[in-house]
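The next block is my_file_18.txt, given as compact mmCIF, C-alpha atoms and all ligand atoms.
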```txt
# COMPACT_ATOMS: atom_id res chain seq x y z
CA MET A 1 -24.45 57.44 -40.61
CA SER A 2 -27.99 58.47 -39.86
CA GLY A 3 -30.34 57.73 -37.01
CA SER A 4 -29.41 55.83 -33.88
CA PRO A 5 -25.84 54.60 -33.36
CA VAL A 6 -27.18 51.49 -31.61
CA TRP A 7 -26.23 48.14 -33.19
CA HIS A 8 -28.95 45.65 -32.15
CA PRO A 9 -28.49 41.91 -31.56
CA PHE A 10 -29.97 39.41 -34.05
CA THR A 11 -31.28 42.36 -36.08
CA GLN A 12 -30.69 42.93 -39.79
CA HIS A 13 -30.36 46.72 -39.89
CA GLY A 14 -30.31 46.61 -43.68
CA LEU A 15 -34.01 45.74 -43.74
CA GLY A 16 -34.90 49.09 -42.16
CA GLU A 17 -37.54 47.60 -39.87
CA PRO A 18 -38.93 50.07 -37.30
CA ILE A 19 -37.50 49.58 -33.81
CA PRO A 20 -40.08 50.48 -31.14
CA LEU A 21 -38.95 52.65 -28.23
CA VAL A 22 -40.15 51.10 -24.97
CA THR A 23 -40.44 53.37 -21.95
CA ARG A 24 -42.16 51.32 -19.27
CA GLY A 25 -43.05 47.78 -18.29
CA GLU A 26 -45.82 46.55 -16.04
CA GLY A 27 -46.94 42.96 -15.52
CA ALA A 28 -47.46 41.23 -18.86
CA ALA A 29 -47.18 44.42 -20.90
CA LEU A 30 -44.70 46.93 -22.28
CA HIS A 31 -45.57 50.55 -23.02
CA THR A 32 -43.99 52.45 -25.91
CA ALA A 33 -43.05 56.08 -26.36
CA ASP A 34 -45.94 56.44 -28.82
CA ASP A 35 -48.38 55.24 -26.16
CA ARG A 36 -49.02 51.71 -27.29
CA ARG A 37 -49.56 48.87 -24.84
CA VAL A 38 -47.73 45.80 -26.18
CA ILE A 39 -48.41 42.32 -24.77
CA ASP A 40 -45.06 40.67 -24.02
CA ALA A 41 -45.92 37.15 -25.17
CA ILE A 42 -42.27 35.94 -25.11
CA SER A 43 -41.33 37.32 -21.69
CA SER A 44 -38.78 39.67 -23.26
CA TRP A 45 -36.79 36.74 -24.69
CA TRP A 46 -37.68 34.17 -22.03
CA VAL A 47 -36.46 36.06 -18.97
CA THR A 48 -39.48 37.78 -17.37
CA THR A 49 -41.18 35.18 -15.19
CA HIS A 50 -43.43 36.97 -12.68
CA GLY A 51 -44.11 39.99 -14.92
CA HIS A 52 -42.32 43.26 -15.58
CA ASN A 53 -41.37 45.47 -12.64
CA HIS A 54 -42.60 43.15 -9.91
CA PRO A 55 -42.80 45.50 -6.88
CA ARG A 56 -40.83 43.18 -4.65
CA ILE A 57 -37.92 42.87 -7.11
CA VAL A 58 -37.95 46.62 -7.79
CA ALA A 59 -37.82 47.31 -4.03
CA ALA A 60 -34.95 44.86 -3.52
CA ILE A 61 -32.92 46.50 -6.30
CA ARG A 62 -33.59 49.99 -4.94
CA ASP A 63 -32.73 49.00 -1.38
CA GLN A 64 -29.50 47.21 -2.31
CA ALA A 65 -28.38 50.03 -4.64
CA GLU A 66 -28.43 52.39 -1.67
CA ARG A 67 -26.22 50.13 0.44
CA LEU A 68 -23.58 48.39 -1.65
CA ASP A 69 -23.42 48.64 -5.44
CA GLN A 70 -20.45 46.44 -6.30
CA ILE A 71 -17.60 44.59 -4.61
CA ILE A 72 -14.79 42.37 -5.89
CA PHE A 73 -15.89 38.75 -5.34
CA ALA A 74 -12.45 37.10 -5.39
CA GLY A 75 -11.69 36.61 -1.71
CA TRP A 76 -14.53 38.94 -0.55
CA THR A 77 -18.20 38.32 0.00
CA HIS A 78 -21.49 40.08 0.77
CA GLU A 79 -24.85 39.19 2.26
CA PRO A 80 -26.96 39.16 -0.94
CA ALA A 81 -24.62 36.55 -2.49
CA GLU A 82 -24.50 34.49 0.71
CA ALA A 83 -28.28 34.63 1.12
CA LEU A 84 -28.84 33.75 -2.53
CA ALA A 85 -26.44 30.80 -2.40
CA ARG A 86 -28.16 29.51 0.75
CA GLY A 87 -31.56 30.01 -0.86
CA LEU A 88 -30.54 28.22 -4.06
CA THR A 89 -29.02 25.22 -2.29
CA ALA A 90 -32.24 24.98 -0.24
CA ILE A 91 -34.62 25.03 -3.22
CA MET A 92 -32.51 23.08 -5.79
CA PRO A 93 -31.60 19.36 -5.56
CA ALA A 94 -29.59 18.63 -2.41
CA GLU A 95 -26.66 17.15 -4.38
CA LEU A 96 -25.93 20.57 -5.91
CA THR A 97 -23.99 21.98 -2.97
CA ARG A 98 -21.91 24.70 -4.66
CA VAL A 99 -22.90 27.94 -6.38
CA PHE A 100 -20.60 29.77 -8.80
CA PHE A 101 -21.79 33.16 -10.04
CA SER A 102 -21.56 34.77 -13.47
CA ASP A 103 -23.50 37.23 -15.59
CA SER A 104 -25.40 35.46 -18.38
CA GLY A 105 -26.57 32.09 -19.61
CA SER A 106 -23.62 31.91 -22.01
CA THR A 107 -21.10 32.51 -19.24
CA SER A 108 -22.82 29.97 -16.99
CA VAL A 109 -22.23 27.43 -19.78
CA GLU A 110 -18.59 28.48 -20.24
CA VAL A 111 -18.14 28.03 -16.48
CA ALA A 112 -19.78 24.58 -16.60
CA LEU A 113 -17.46 23.44 -19.40
CA LYS A 114 -14.38 24.76 -17.58
CA MET A 115 -15.49 23.08 -14.32
CA ALA A 116 -15.88 19.78 -16.15
CA LEU A 117 -12.46 19.93 -17.80
CA GLY A 118 -10.87 21.18 -14.57
CA TYR A 119 -12.36 18.17 -12.77
CA TRP A 120 -10.81 15.66 -15.16
CA HIS A 121 -7.52 17.55 -15.21
CA ALA A 122 -7.32 17.49 -11.41
CA ARG A 123 -7.99 13.75 -11.41
CA GLY A 124 -5.03 13.24 -13.72
CA GLU A 125 -7.36 11.76 -16.30
CA PRO A 126 -7.44 14.46 -18.96
CA ARG A 127 -10.74 13.81 -20.69
CA ASP A 128 -11.72 16.72 -22.89
CA ARG A 129 -14.41 15.60 -25.33
CA ILE A 130 -17.79 17.30 -24.88
CA LEU A 131 -20.97 15.57 -26.09
CA VAL A 132 -23.94 17.60 -27.26
CA MET A 133 -27.38 17.10 -28.77
CA ALA A 134 -28.23 18.19 -32.32
CA HIS A 135 -30.25 21.45 -32.58
CA SER A 136 -29.07 22.64 -29.15
CA TYR A 137 -28.47 26.25 -28.18
CA HIS A 138 -26.25 27.19 -25.26
CA GLY A 139 -25.35 30.82 -25.97
CA ASP A 140 -23.29 33.02 -28.28
CA THR A 141 -19.80 33.12 -26.76
CA ILE A 142 -17.19 30.94 -28.49
CA GLY A 143 -17.39 27.99 -26.09
CA ALA A 144 -21.18 28.15 -25.89
CA MET A 145 -21.41 28.27 -29.70
CA SER A 146 -19.03 25.32 -29.91
CA VAL A 147 -21.44 23.12 -27.96
CA GLY A 148 -24.47 24.47 -29.84
CA ALA A 149 -25.87 23.73 -33.29
CA ARG A 150 -23.76 24.87 -36.23
CA GLY A 151 -25.44 26.91 -38.93
CA VAL A 152 -25.93 30.33 -40.43
CA PHE A 153 -25.62 31.85 -36.92
CA ASN A 154 -22.01 30.88 -36.50
CA ARG A 155 -20.62 30.01 -39.95
CA PRO A 156 -18.11 32.91 -40.05
CA TYR A 157 -16.72 31.84 -36.67
CA ALA A 158 -16.47 28.12 -37.43
CA PRO A 159 -12.63 28.18 -37.38
CA LEU A 160 -12.76 29.24 -33.73
CA LEU A 161 -15.21 26.56 -32.56
CA PHE A 162 -13.91 23.38 -30.94
CA ASP A 163 -14.86 19.90 -32.04
CA VAL A 164 -17.64 18.08 -30.14
CA GLY A 165 -19.49 14.76 -30.39
CA THR A 166 -23.10 15.23 -31.51
CA ILE A 167 -25.92 12.81 -30.76
CA PRO A 168 -29.21 13.08 -32.69
CA PHE A 169 -32.29 14.80 -31.28
CA PRO A 170 -34.67 12.16 -29.82
CA ALA A 171 -37.53 12.77 -32.24
CA ALA A 172 -40.74 10.84 -31.53
CA GLY A 173 -40.20 7.25 -32.60
CA ALA A 174 -36.42 7.67 -32.93
CA GLU A 175 -35.51 7.87 -29.24
CA GLN A 176 -33.49 4.65 -29.27
CA ALA A 177 -31.09 6.05 -31.91
CA THR A 178 -30.31 8.94 -29.55
CA LEU A 179 -29.69 6.62 -26.61
CA ASP A 180 -27.53 4.25 -28.67
CA SER A 181 -25.51 7.15 -30.02
CA LEU A 182 -24.96 8.56 -26.52
CA GLU A 183 -23.99 5.13 -25.19
CA GLN A 184 -21.38 4.75 -27.94
CA ALA A 185 -19.98 8.25 -27.51
CA CYS A 186 -19.74 7.82 -23.73
CA ALA A 187 -18.07 4.43 -24.09
CA ALA A 188 -15.45 6.02 -26.36
CA GLY A 189 -14.61 8.41 -23.51
CA ALA A 190 -15.93 11.90 -22.88
CA ALA A 191 -15.60 14.60 -20.24
CA ALA A 192 -19.22 15.71 -20.19
CA PHE A 193 -22.57 15.72 -21.93
CA ILE A 194 -24.39 19.06 -22.02
CA VAL A 195 -28.10 19.16 -22.75
CA GLU A 196 -31.22 21.33 -22.54
CA PRO A 197 -33.68 19.22 -20.49
CA LEU A 198 -37.07 18.46 -22.16
CA VAL A 199 -37.12 21.51 -24.46
CA LEU A 200 -34.59 22.69 -27.03
CA GLY A 201 -35.48 26.40 -27.05
CA ALA A 202 -33.69 28.36 -29.76
CA GLY A 203 -33.45 25.15 -31.82
CA GLY A 204 -37.21 25.49 -32.46
CA MET A 205 -39.02 24.67 -29.19
CA LEU A 206 -38.41 20.95 -29.76
CA PHE A 207 -39.83 18.76 -26.98
CA TYR A 208 -38.69 15.30 -25.88
CA PRO A 209 -40.04 13.18 -23.03
CA PRO A 210 -38.72 12.91 -19.44
CA SER A 211 -38.09 9.17 -19.94
CA VAL A 212 -35.40 9.98 -22.53
CA LEU A 213 -33.81 12.55 -20.22
CA ALA A 214 -33.71 9.94 -17.44
CA GLU A 215 -32.18 7.33 -19.78
CA MET A 216 -29.53 9.78 -20.97
CA ARG A 217 -28.64 10.58 -17.37
CA ALA A 218 -28.31 6.87 -16.58
CA ILE A 219 -26.01 6.31 -19.56
CA CYS A 220 -23.71 9.13 -18.38
CA VAL A 221 -23.63 7.66 -14.87
CA ARG A 222 -22.69 4.23 -16.27
CA HIS A 223 -19.69 5.70 -18.09
CA GLY A 224 -18.66 8.31 -15.51
CA VAL A 225 -19.40 11.13 -17.96
CA LEU A 226 -20.39 14.39 -16.26
CA PHE A 227 -23.97 15.47 -16.97
CA ILE A 228 -24.50 19.22 -17.47
CA ALA A 229 -28.12 20.44 -17.49
CA ASP A 230 -28.51 23.80 -19.22
CA GLU A 231 -31.74 25.02 -17.59
CA VAL A 232 -31.11 28.63 -18.56
CA MET A 233 -34.44 28.69 -20.38
CA THR A 234 -36.29 25.72 -18.86
CA GLY A 235 -35.55 26.68 -15.23
CA TRP A 236 -37.82 28.70 -12.95
CA GLY A 237 -41.07 27.01 -13.86
CA ARG A 238 -41.06 27.33 -17.65
CA THR A 239 -41.88 23.66 -18.25
CA GLY A 240 -44.37 23.47 -15.37
CA THR A 241 -41.92 22.46 -12.64
CA LEU A 242 -39.18 24.54 -11.00
CA LEU A 243 -36.61 22.59 -13.04
CA ALA A 244 -37.36 20.50 -16.13
CA CYS A 245 -35.00 17.82 -14.73
CA GLU A 246 -37.47 17.33 -11.89
CA GLN A 247 -39.99 15.71 -14.27
CA ALA A 248 -37.44 12.99 -15.05
CA GLY A 249 -36.20 12.58 -11.48
CA VAL A 250 -32.79 13.65 -12.77
CA VAL A 251 -30.12 15.50 -10.80
CA PRO A 252 -27.24 16.77 -12.94
CA ASP A 253 -23.60 17.07 -11.88
CA ILE A 254 -23.63 20.68 -13.08
CA LEU A 255 -26.66 22.96 -13.49
CA CYS A 256 -26.76 26.25 -15.43
CA LEU A 257 -29.35 28.86 -14.44
CA SER A 258 -29.88 32.43 -15.60
CA LYS A 259 -32.84 34.15 -17.36
CA GLY A 260 -35.55 33.80 -14.64
CA LEU A 261 -32.99 33.78 -11.80
CA THR A 262 -33.68 37.46 -11.06
CA GLY A 263 -37.27 37.18 -12.28
CA GLY A 264 -35.82 38.65 -15.48
CA ALA A 265 -35.06 42.07 -14.02
CA VAL A 266 -31.26 42.25 -14.14
CA PRO A 267 -28.50 40.01 -15.57
CA LEU A 268 -27.17 37.24 -13.34
CA ALA A 269 -26.34 33.55 -13.71
CA VAL A 270 -25.20 30.68 -11.56
CA THR A 271 -23.50 27.39 -12.29
CA MET A 272 -24.34 24.96 -9.51
CA ALA A 273 -22.15 21.91 -8.96
CA THR A 274 -21.97 18.78 -6.86
CA GLU A 275 -19.32 18.44 -4.15
CA PRO A 276 -16.85 16.32 -6.23
CA LEU A 277 -16.56 19.15 -8.80
CA PHE A 278 -15.71 21.61 -6.02
CA GLU A 279 -13.39 19.16 -4.26
CA ALA A 280 -11.43 18.59 -7.48
CA HIS A 281 -10.51 22.27 -7.44
CA ARG A 282 -9.93 22.57 -3.68
CA SER A 283 -6.35 22.18 -2.56
CA THR A 284 -3.51 24.11 -0.91
CA ASP A 285 -2.01 24.35 -4.40
CA ARG A 286 -2.88 27.74 -5.90
CA ALA A 287 -2.31 26.34 -9.40
CA ARG A 288 -5.46 24.21 -8.94
CA MET A 289 -8.00 26.90 -8.05
CA PHE A 290 -10.87 27.55 -10.45
CA PHE A 291 -9.53 30.17 -12.82
CA HIS A 292 -12.67 32.01 -13.83
CA SER A 293 -14.05 35.42 -12.98
CA SER A 294 -15.65 38.46 -14.49
CA SER A 295 -15.62 41.99 -13.08
CA TYR A 296 -19.24 41.86 -11.95
CA THR A 297 -19.27 38.31 -10.55
CA ALA A 298 -22.14 38.12 -7.98
CA ASN A 299 -22.98 41.83 -8.28
CA PRO A 300 -24.84 42.67 -5.04
CA ILE A 301 -27.75 44.43 -6.78
CA ALA A 302 -28.31 41.47 -9.10
CA CYS A 303 -28.06 39.03 -6.16
CA ALA A 304 -30.62 41.09 -4.20
CA ALA A 305 -33.01 40.88 -7.17
CA ALA A 306 -32.51 37.09 -7.26
CA CYS A 307 -33.18 36.85 -3.51
CA ALA A 308 -36.45 38.69 -4.12
CA ASN A 309 -37.24 36.16 -6.86
CA LEU A 310 -36.73 33.33 -4.34
CA ALA A 311 -38.99 35.14 -1.86
CA ILE A 312 -41.70 35.43 -4.54
CA TRP A 313 -41.44 31.70 -5.23
CA ARG A 314 -41.75 31.08 -1.49
CA ASP A 315 -44.56 33.54 -0.67
CA GLU A 316 -46.71 33.86 -3.78
CA PRO A 317 -48.78 31.17 -5.55
CA VAL A 318 -46.26 30.95 -8.41
CA ARG A 319 -46.83 27.24 -9.03
CA GLU A 320 -50.61 27.78 -9.20
CA ARG A 321 -50.13 30.64 -11.68
CA ILE A 322 -47.93 28.43 -13.84
CA ALA A 323 -50.44 25.57 -13.72
CA ALA A 324 -53.32 27.90 -14.68
CA LEU A 325 -51.34 29.41 -17.55
CA ALA A 326 -50.31 25.93 -18.72
CA THR A 327 -53.93 24.75 -18.79
CA ALA A 328 -55.11 27.90 -20.58
CA GLN A 329 -52.40 27.56 -23.24
CA ALA A 330 -52.96 23.84 -23.72
CA GLU A 331 -56.64 24.51 -24.47
CA ARG A 332 -55.83 27.23 -26.99
CA VAL A 333 -53.14 25.09 -28.65
CA ALA A 334 -55.61 22.22 -29.00
CA ALA A 335 -57.99 24.56 -30.82
CA LEU A 336 -55.18 25.77 -33.10
CA SER A 337 -54.12 22.25 -34.02
CA ALA A 338 -57.44 21.88 -35.86
CA LEU A 339 -56.38 24.51 -38.43
CA PRO A 340 -55.16 22.92 -41.69
CA GLU A 341 -52.25 25.39 -42.05
CA VAL A 342 -50.82 24.34 -38.66
CA SER A 343 -48.58 21.39 -37.84
CA GLY A 344 -46.88 20.20 -34.67
CA ALA A 345 -49.06 22.18 -32.22
CA ARG A 346 -47.72 21.40 -28.74
CA SER A 347 -47.40 22.82 -25.26
CA LEU A 348 -45.46 22.06 -22.11
CA GLY A 349 -45.91 24.16 -19.00
CA THR A 350 -45.89 27.82 -20.03
CA ILE A 351 -44.42 27.10 -23.49
CA ALA A 352 -46.71 26.68 -26.50
CA ALA A 353 -45.48 26.21 -30.08
CA LEU A 354 -46.60 25.27 -33.57
CA GLU A 355 -45.27 25.24 -37.12
CA LEU A 356 -46.78 27.21 -39.91
CA GLY A 357 -47.09 24.71 -42.76
CA GLU A 358 -44.23 22.23 -42.71
CA GLY A 359 -41.70 24.75 -41.40
CA ALA A 360 -38.87 26.23 -43.50
CA GLY A 361 -36.08 26.94 -40.98
CA TYR A 362 -34.85 30.06 -39.19
CA LEU A 363 -34.31 32.14 -42.34
CA SER A 364 -37.81 31.44 -43.64
CA ASP A 365 -38.97 34.45 -45.68
CA ARG A 366 -42.14 34.55 -43.62
CA ALA A 367 -40.40 35.25 -40.29
CA PRO A 368 -39.76 39.01 -40.75
CA LEU A 369 -43.26 39.45 -42.20
CA LEU A 370 -44.72 37.66 -39.18
CA MET A 371 -42.73 39.77 -36.74
CA ALA A 372 -43.98 42.95 -38.41
CA PHE A 373 -47.53 41.56 -38.44
CA PHE A 374 -47.44 40.96 -34.69
CA ARG A 375 -45.68 44.26 -33.97
CA GLU A 376 -48.40 46.14 -35.85
CA ARG A 377 -50.96 44.39 -33.64
CA ASP A 378 -49.16 45.30 -30.40
CA VAL A 379 -48.18 41.74 -29.54
CA LEU A 380 -44.52 40.92 -28.98
CA LEU A 381 -43.90 37.57 -30.66
CA ARG A 382 -40.68 36.59 -32.38
CA PRO A 383 -41.04 33.39 -34.42
CA LEU A 384 -38.10 31.02 -34.83
CA GLY A 385 -38.40 30.76 -38.61
CA ASP A 386 -41.80 29.16 -39.22
CA THR A 387 -42.11 28.06 -35.59
CA LEU A 388 -44.53 30.32 -33.75
CA TYR A 389 -44.26 30.08 -30.01
CA VAL A 390 -45.73 31.75 -26.94
CA MET A 391 -43.89 31.95 -23.60
CA PRO A 392 -45.58 34.66 -21.54
CA PRO A 393 -44.93 35.93 -18.01
CA TYR A 394 -46.84 33.93 -15.38
CA CYS A 395 -49.06 36.91 -14.50
CA THR A 396 -50.58 37.02 -18.01
CA GLY A 397 -54.37 37.26 -17.73
CA ALA A 398 -57.05 35.56 -19.82
CA ASP A 399 -57.80 38.69 -21.87
CA ASP A 400 -54.20 39.17 -22.92
CA LEU A 401 -53.81 35.47 -23.65
CA ASP A 402 -56.99 35.51 -25.77
CA ARG A 403 -55.62 38.46 -27.70
CA VAL A 404 -52.26 36.73 -28.31
CA PHE A 405 -53.92 33.57 -29.63
CA ALA A 406 -56.44 35.54 -31.71
CA VAL A 407 -53.55 37.34 -33.40
CA ILE A 408 -51.82 33.99 -34.00
CA VAL A 409 -54.98 32.62 -35.65
CA GLU A 410 -55.10 35.72 -37.82
CA ALA A 411 -51.44 35.20 -38.75
CA VAL A 412 -52.04 31.52 -39.59
CA GLU A 413 -54.92 32.52 -41.86
CA THR A 414 -52.86 35.29 -43.50
CA PHE A 415 -49.52 33.49 -43.98
CA GLY A 416 -50.36 29.77 -43.71
C1 LIG B 1 -30.74 31.95 -23.64
C2 LIG B 1 -29.99 30.67 -23.45
C3 LIG B 1 -28.61 30.66 -23.19
C4 LIG B 1 -27.79 31.91 -23.23
O1 LIG B 1 -28.13 32.82 -22.25
P1 LIG B 1 -27.70 34.37 -22.40
O2 LIG B 1 -28.08 34.98 -21.11
O3 LIG B 1 -28.48 34.89 -23.57
O4 LIG B 1 -26.24 34.37 -22.66
C5 LIG B 1 -28.01 29.45 -22.90
N1 LIG B 1 -28.72 28.31 -22.90
C6 LIG B 1 -30.03 28.28 -23.16
C7 LIG B 1 -30.75 26.98 -23.11
C8 LIG B 1 -30.72 29.46 -23.46
O5 LIG B 1 -32.03 29.42 -23.77
```
Show me this structure written as C-alpha cells.
Ligand SMILES: *Cc1c(COP(=O)(O)O)cnc(C)c1O
Amino acid sequence: MSGSPVWHPFTQHGLGEPIPLVTRGEGAALHTADDRRVIDAISSWWVTTHGHNHPRIVAAIRDQAERLDQIIFAGWTHEPAEALARGLTAIMPAELTRVFFSDSGSTSVEVALKMALGYWHARGEPRDRILVMAHSYHGDTIGAMSVGARGVFNRPYAPLLFDVGTIPFPAAGAEQATLDSLEQACAAGAAAFIVEPLVLGAGGMLFYPPSVLAEMRAICVRHGVLFIADEVMTGWGRTGTLLACEQAGVVPDILCLSKGLTGGAVPLAVTMATEPLFEAHRSTDRARMFFHSSSYTANPIACAAACANLAIWRDEPVRERIAALATAQAERVAALSALPEVSGARSLGTIAALELGEGAGYLSDRAPLLMAFFRERDVLLRPLGDTLYVMPPYCTGADDLDRVFAVIVEAVETFG
C-alpha cells in the first residue's frame, strides 16, 4: 500500500485521479491546502444551503458542544431535539405531527419504509409491497437501494434487494402512462409509494410537473396507499419552495428530510409522519413500539445546528436569495440551450441541468474527463454521466455564478 489509507465513496481509486485536500470553507467556496479557491457549484453534494461555515450554525455547534455532546435518545430527551421538533412541526405541513430522528437521508428512508410496514402490521392488514418510480435514488443502504433504480451501482448486491413495483418516469408527453401504471399497482394492493417530488436527483436531474405529483398523491389516497415523499434533496428550498411538494399542494403521509436540515454542516435526518402512523405504533403493548434506533439518534450538536438552520430561514431573506439565484440560473441556462452541443437545458429553483449531446449514461467516458476539467479550473462540478448540473449554495454571488457557467460553456465546446 502506498499513499493515503482512505477509501473514498463513489471513487475509482484505480484511475489515480488527484484528490484535493480541502482545509477551509467559506460561503460559496472551498480553500485547498495548495491555496486554491474552489467554487462549490454542487453545494458539497447537495447539502450546503446557506453557504459553508455560516456563522450562526458554527456558533450553535460550538455552544452546544460545550454543554451536552451526546445522550441516549431512547426514553431520554434534550432541549435541542425538542426545540427542533417544535420548529419543524411549525414550518412543515400541519398534518405532519411527529418527528423521528436519524443520521442520513438513507436512514430516513429506511425509517419511512419501516413506519409504513409497521402501520399495516398494526392494523392487522399486512400489506408489504412498496411502489417506486423508475430512475429514483433513495440512498445506498440495502432498503434504500431496494427502492431505488437498479443498475451498475448495485448489481453485486442484487440478491439482497427486495422486490418492488416500478412505475415509469412521467416523461413529457407520457405522463398518463405513469398515472395509469400507479393506479393499477395501487389497485393490486400496496403498502406505500415512495417518490422524489418534482426532481429525480441522482437519476439525472429529471424534472416532472407538479400536476403529476398531485395526481399521483390523489391516486394513493383513493387506494389507501401511504405516500412517502423523499425530499432529502428537494427540501430546504432547492426547487424554489421550502418543500417541492408545496408546488403541487401535496402533503405526504411520511416525509424524509436530511441534507439541508442542518444547513449542510453536520449529519442529521428526520422522518416526519402524520398522526395515524404514530398512533399505529402507540399502545401499552411493548411488542408494538417502533423498533428503530441508532447510537447517535438526535445527537444534540446536530440538532442545535438544525435549530440554527431554522433560525436562518426565519430571520434571513433566504427565500429572496433562492429566487434571485433561480432567476440568474434560468437566464444562463437559456443562453446555454442555444449551443448546438447541448440538449435538455432546464432549471427549477436553484437546480440547473443540461445534457452534453444526447447523453450516454452514468458511466459515460466523458464524465471523468469533465470532472478533471472542472477541477483544474477550480470549480467543483460532478456530472452525472453526460448530465451537467449546477446546484450552488444560496449565497453564491454573480461573479462566481458567471465563472461556473463560463467554465461549463468551455466544457461544452471542448467535449460536446
Ligand atoms: C442524497 C439522497 C438520499 C440519501 O441521503 P444520504 O444522506 O446520502 O444517505 C436519499 N434520497 C435522496 C432523494 C437523495 O438525494
To check your reading of the model: which residues sit at most 6 Å from ligand LIG 1 (chain B) when counting all atoms listed in the file? Write the answer as JSON, numbers by chain. {"A": [104, 105, 106, 137, 138, 139, 196, 201, 230, 231, 232, 233]}
Restricting the output to C-alpha atoms, write the selected residues as a PDB file, keeping the file's coordinate frame.
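Listed below is the output, selection-v5.pdb:
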```pdb
ATOM      1  CA  SER A 104     -25.400  35.460 -18.380  1.00  0.00           C
ATOM      2  CA  GLY A 105     -26.570  32.090 -19.610  1.00  0.00           C
ATOM      3  CA  SER A 106     -23.620  31.910 -22.010  1.00  0.00           C
ATOM      4  CA  TYR A 137     -28.470  26.250 -28.180  1.00  0.00           C
ATOM      5  CA  HIS A 138     -26.250  27.190 -25.260  1.00  0.00           C
ATOM      6  CA  GLY A 139     -25.350  30.820 -25.970  1.00  0.00           C
ATOM      7  CA  GLU A 196     -31.220  21.330 -22.540  1.00  0.00           C
ATOM      8  CA  GLY A 201     -35.480  26.400 -27.050  1.00  0.00           C
ATOM      9  CA  ASP A 230     -28.510  23.800 -19.220  1.00  0.00           C
ATOM     10  CA  GLU A 231     -31.740  25.020 -17.590  1.00  0.00           C
ATOM     11  CA  VAL A 232     -31.110  28.630 -18.560  1.00  0.00           C
ATOM     12  CA  MET A 233     -34.440  28.690 -20.380  1.00  0.00           C
TER      13      MET A 233
END
```
Using only C-alpha atoms, find the one residue out of A:Cys303, A:Ala265, A:Leu131, A:Leu336 that sits nearest to A:Glu79.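 Selected residue with least distance to A:Glu79: A:Cys303.
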10 Å contact set for A:Gly118, only C-alpha atoms, chain neighbours under 2 positions out, as a ChimeraX atom specification: /A:112-116,120-124,126-128,191,277-278,280-281,288-291
Written selection (C-alpha atoms) as a tab-separated table (two decimals), in the coordinates of the input:
```
chain	number	residue	atom	x	y	z
A	112	ALA	CA	-19.78	24.58	-16.60
A	113	LEU	CA	-17.46	23.44	-19.40
A	114	LYS	CA	-14.38	24.76	-17.58
A	115	MET	CA	-15.49	23.08	-14.32
A	116	ALA	CA	-15.88	19.78	-16.15
A	120	TRP	CA	-10.81	15.66	-15.16
A	121	HIS	CA	-7.52	17.55	-15.21
A	122	ALA	CA	-7.32	17.49	-11.41
A	123	ARG	CA	-7.99	13.75	-11.41
A	124	GLY	CA	-5.03	13.24	-13.72
A	126	PRO	CA	-7.44	14.46	-18.96
A	127	ARG	CA	-10.74	13.81	-20.69
A	128	ASP	CA	-11.72	16.72	-22.89
A	191	ALA	CA	-15.60	14.60	-20.24
A	277	LEU	CA	-16.56	19.15	-8.80
A	278	PHE	CA	-15.71	21.61	-6.02
A	280	ALA	CA	-11.43	18.59	-7.48
A	281	HIS	CA	-10.51	22.27	-7.44
A	288	ARG	CA	-5.46	24.21	-8.94
A	289	MET	CA	-8.00	26.90	-8.05
A	290	PHE	CA	-10.87	27.55	-10.45
A	291	PHE	CA	-9.53	30.17	-12.82
```
Rounded to one decimal, what separation in Å do you get between atom CA of A:Ala248 and atom CA of A:Ala214?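 Result for atom CA of A:Ala248 versus atom CA of A:Ala214: 5.4 Å, one decimal.
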So which residues touch A:Phe169 within 8 Å, counting all atoms listed in the file, skipping near sequence neighbours fewer than 3 positions away, as an NGL selection string? :A and (133-135 or 175 or 178)
Atom CA of A:Asn309 and atom CA of A:Gly51, how far apart in Å?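 Pair atom CA of A:Gly51 / atom CA of A:Asn309 returns 11.3 Å.
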Looking at all atoms listed in the file, which of A:Pro300, A:Pro340, A:Gly357, A:Pro393 is the one that sits closest to A:Leu68?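 For A:Leu68, the nearest of the given residues is A:Pro300.
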Pick out the residues sitting within 12 Å of A:Ser337, and hand them over as a list in words; count only C-alpha atoms, and ignore anything fewer than 2 positions along from it in its own chain. Ala330, Glu331, Arg332, Val333, Ala334, Ala335, Leu339, Pro340, Glu341, Val342, Ser343, Gly344, Ala345, Arg346, Ser347, Ala352, Ala353, Leu354, Glu355, Leu356, Gly357, Ile408, Val409 and Val412 of chain A
Nearest to A:Arg319, restricted to only C-alpha atoms and choosing among A:Cys256, A:Pro197, A:Ala273, A:Thr49, comes out as A:Thr49
Residue nearest A:Ala218 among A:Val379, A:Met205, A:Val250, A:Ala244 (counting all atoms listed in the file):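 Smallest separation from A:Ala218 among the options: A:Val250.
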Find the residues of stretch 376-416 of chain A that sit at most 12 Å from stretch 17-26 of chain A; for each, write down the nearest two atoms and how far apart they are in Å, to one decimal. Count only C-alpha atoms. Sort by chain, then by number going up, and give it as a tab-separated table.
```
residue	atom	partner	partner_atom	distance
A:Glu376	CA	A:Pro18	CA	10.4
A:Asp378	CA	A:Pro20	CA	10.5
A:Leu380	CA	A:Pro20	CA	10.8
A:Pro393	CA	A:Glu26	CA	10.8
A:Cys395	CA	A:Glu26	CA	10.3
A:Thr396	CA	A:Glu26	CA	10.8
```
Determine, counting all atoms listed in the file, which protein, DNA and RNA residues have an atom within 9 Å of an atom of A:Pro209; residues of the same chain fewer than 3 positions away are not included. Present the result as a compact mmCIF listing (two decimals) with C-alpha atoms, keeping the file's coordinate frame.
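Once written, out05.txt looks like this:
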```txt
# COMPACT_ATOMS: atom_id res chain seq x y z
CA PRO A 170 -34.67 12.16 -29.82
CA ALA A 172 -40.74 10.84 -31.53
CA LEU A 198 -37.07 18.46 -22.16
CA VAL A 199 -37.12 21.51 -24.46
CA VAL A 212 -35.40 9.98 -22.53
CA LEU A 213 -33.81 12.55 -20.22
CA ALA A 248 -37.44 12.99 -15.05
```
Taking only C-alpha atoms into account, name the residue in A:Arg403, A:Arg222, A:His54, A:Arg375 that is nearest to A:Gly263.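 Nearest candidate to A:Gly263 out of A:Arg403, A:Arg222, A:His54, A:Arg375: A:His54.
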Grab the atom CA of A:Phe373 to atom CA of A:Phe207 distance for me, in Å with one decimal place.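 For atom CA of A:Phe373 relative to atom CA of A:Phe207, the distance reads 26.7 Å.
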